[in-house]
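S.K.: What follows is a structure written as structure tokens; I'll ask about it next.
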Amino acid sequence: MNKYIERLYNGIIKENPTLILMLGMCPTLAVSTRAMNGIGMGLSTTAVLILSNLVISLLRKVIPDQVRLPSYIVIVASLVTVTELLIEAYLPSLYEALGIYIPLIVVNCIILGRAEAYANKNTPGLAIMDGLGMGLGFTIALTLAGLFREVLGAGTAFDLKVLPDGVDPIGIFIQPPGAFLIIAFFIIIMNAIGIKTRQRKLVENDGCDGCCAACSAPCEKAEEEAK
């Protein structure tokens with residue numbers, strides 16, 4: 001797989017920051033009450049991720065190791081400030097909905113984590129694609145969580161009514177416990193997919209799915225367990 005496409009795939013599926021790496025959970029749980037909020041926060045974080053990865057990659061040979069993290073924070077804080085001012089100027093309703101969580105992008109562990117783990121070790125092109133992949137993965141997770149919570153908790157999708165008359169929404173889903181339930185449900189699905197993938201690799205490589213109880217063929221592992 002092409003290295004650039006691989007960074008997109010990893011960020012969206014294999015290393016999804018929210019559903020696999022469990023990063024950025026505070027904004028995920030707090031702002032995902034509506035699908036539009038999830039899109040707004042996700043795209044804002046994506047823009048900061050791409051630009052911060054680019055700048056840090058370009059400066060990776062200039063920034064001294066002793067001040068590496070403070071430098072990253074200064075770069076990210078500058079980009080977040082610009083992003084916040086643009087949202088406030090052109091999307092005031094989104095700015096009011098996201099509130100304090102826009103400035104908190106500065107300390108989002110996804111951004112600092114990718115800066116430290118990837119951007120400062122790779123070329124600008126790969127750093128941009130890594131930021132794009134991680135940002136899209138974060139945006140997709142937030143949007144899906146917001147959509148499910150909005151439909152179940154308010155009966156709307158993107159502010160349009162979707163539940164028929166006579167069907168009452170379940171209010172808990174727009175409360176903090178609802179966020180945990182929805183994210184947990186998504187993580188269960190991702191883990192189930194991952195387990196199947198690992199089993200498939202065992203079968204393809206070793207002819208074994210790792211489940212001796214359902215296997216009638218003799219093997220060393222079963223003999224050892226019998227002893």
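Residue numbering restarts at 1 in every chain; chains get A, B, ... in the order shown in the structure tokens, and ligands count up from 1 in that same order.
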What residues in stretch 23-222 of chain A get the DSSP label strand (DSSP E or B)? Please answer as a VMD selection string.

M.R.: chain A and resid 156 to 157 160 to 161

S.K.: Tell me, which residues of stretch 78-209 of chain A carry DSSP helix (DSSP H, G or I), written as a count of residues only?

M.R.: 106

S.K.: With the cut-off set at 9 Å and counting only C-alpha atoms, tabulate each residue of stretch 24-137 of chain A with an atom at most that distance from an atom of stretch 174-179 of chain A, showing the nearest atom pair and its distance in Å to one decimal, ordered by chain and increasing number, as CSV.

M.R.:
```
residue,atom,partner,partner_atom,distance
A:Thr28,CA,A:Ala179,CA,8.2
A:Leu29,CA,A:Ala179,CA,5.4
A:Ala30,CA,A:Pro176,CA,7.4
A:Ser32,CA,A:Ala179,CA,7.5
A:Thr33,CA,A:Ile174,CA,5.4
A:Arg34,CA,A:Ile174,CA,8.4
```

S.K.: One number please: atom CA of A:Lys3 to atom CA of A:Leu126, in Å, one decimal.

M.R.: 7.7 Å

S.K.: Write out, as a tab-separated table, each residue of stretch 83-201 of chain A that has an atom at most 9 Å from stretch 17-20 of chain A, together with the closest pair of atoms and their distance in Å to one decimal, counting only C-alpha atoms, rows going by chain and rising number.

M.R.:
```
residue	atom	partner	partner_atom	distance
A:Ile110	CA	A:Pro17	CA	6.8
A:Met134	CA	A:Pro17	CA	6.5
A:Gly135	CA	A:Pro17	CA	8.5
A:Gly137	CA	A:Pro17	CA	6.7
A:Phe138	CA	A:Pro17	CA	6.1
A:Ala141	CA	A:Thr18	CA	6.6
A:Leu142	CA	A:Thr18	CA	8.3
A:Ile183	CA	A:Leu19	CA	7.6
A:Ala184	CA	A:Leu19	CA	8.7
A:Phe186	CA	A:Leu19	CA	6.9
A:Ile187	CA	A:Leu19	CA	5.4
A:Met190	CA	A:Leu19	CA	7.1
A:Asn191	CA	A:Ile20	CA	8.2
```

S.K.: May I have the residues from that selection written out with C-alpha atoms, as a PDB file, in the first residue's frame?

M.R.:
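Saved the output as out_25.pdb:
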```pdb
ATOM      1  CA  ILE A 110      -4.197  13.681  19.541  1.00  0.00           C
ATOM      2  CA  MET A 134      -6.116  11.272  12.113  1.00  0.00           C
ATOM      3  CA  GLY A 135      -8.326  14.334  11.714  1.00  0.00           C
ATOM      4  CA  GLY A 137     -10.891   9.581  11.839  1.00  0.00           C
ATOM      5  CA  PHE A 138     -11.627  11.945  14.725  1.00  0.00           C
ATOM      6  CA  ALA A 141     -16.117   9.305  15.211  1.00  0.00           C
ATOM      7  CA  LEU A 142     -17.497  12.611  16.544  1.00  0.00           C
ATOM      8  CA  ILE A 183     -18.897   5.417  22.371  1.00  0.00           C
ATOM      9  CA  ALA A 184     -18.815   2.053  24.158  1.00  0.00           C
ATOM     10  CA  PHE A 186     -18.801   1.841  18.699  1.00  0.00           C
ATOM     11  CA  ILE A 187     -15.723   0.475  20.479  1.00  0.00           C
ATOM     12  CA  MET A 190     -14.360  -1.945  16.314  1.00  0.00           C
ATOM     13  CA  ASN A 191     -12.986  -4.563  18.708  1.00  0.00           C
TER      14      ASN A 191
END
```

S.K.: Would you tabulate, counting only C-alpha atoms, all residues of stretch 8-102 of chain A that have an atom at most 9 Å from an atom of stretch 111-123 of chain A, showing the closest pair of atoms and their distance in Å to one decimal, sorted by chain then ascending number, as a Markdown table?

M.R.:
```
| residue | atom | partner | partner_atom | distance |
| --- | --- | --- | --- | --- |
| A:Thr45 | CA | A:Ile111 | CA | 8.1 |
| A:Val48 | CA | A:Ile111 | CA | 7.8 |
| A:Leu49 | CA | A:Ile111 | CA | 5.7 |
| A:Ser52 | CA | A:Ala115 | CA | 7.4 |
| A:Asn53 | CA | A:Ala119 | CA | 5.2 |
| A:Leu54 | CA | A:Ala119 | CA | 7.3 |
| A:Val55 | CA | A:Ala119 | CA | 8.7 |
| A:Ile56 | CA | A:Asn120 | CA | 6.0 |
| A:Ser57 | CA | A:Ala119 | CA | 5.0 |
| A:Leu58 | CA | A:Thr123 | CA | 7.6 |
| A:Leu59 | CA | A:Asn120 | CA | 7.9 |
| A:Arg60 | CA | A:Asn120 | CA | 5.0 |
| A:Lys61 | CA | A:Asn120 | CA | 8.2 |
| A:Arg68 | CA | A:Glu116 | CA | 8.6 |
| A:Leu69 | CA | A:Glu116 | CA | 8.0 |
| A:Tyr72 | CA | A:Leu112 | CA | 7.2 |
| A:Ile73 | CA | A:Leu112 | CA | 7.7 |
| A:Val76 | CA | A:Ile111 | CA | 8.0 |
```
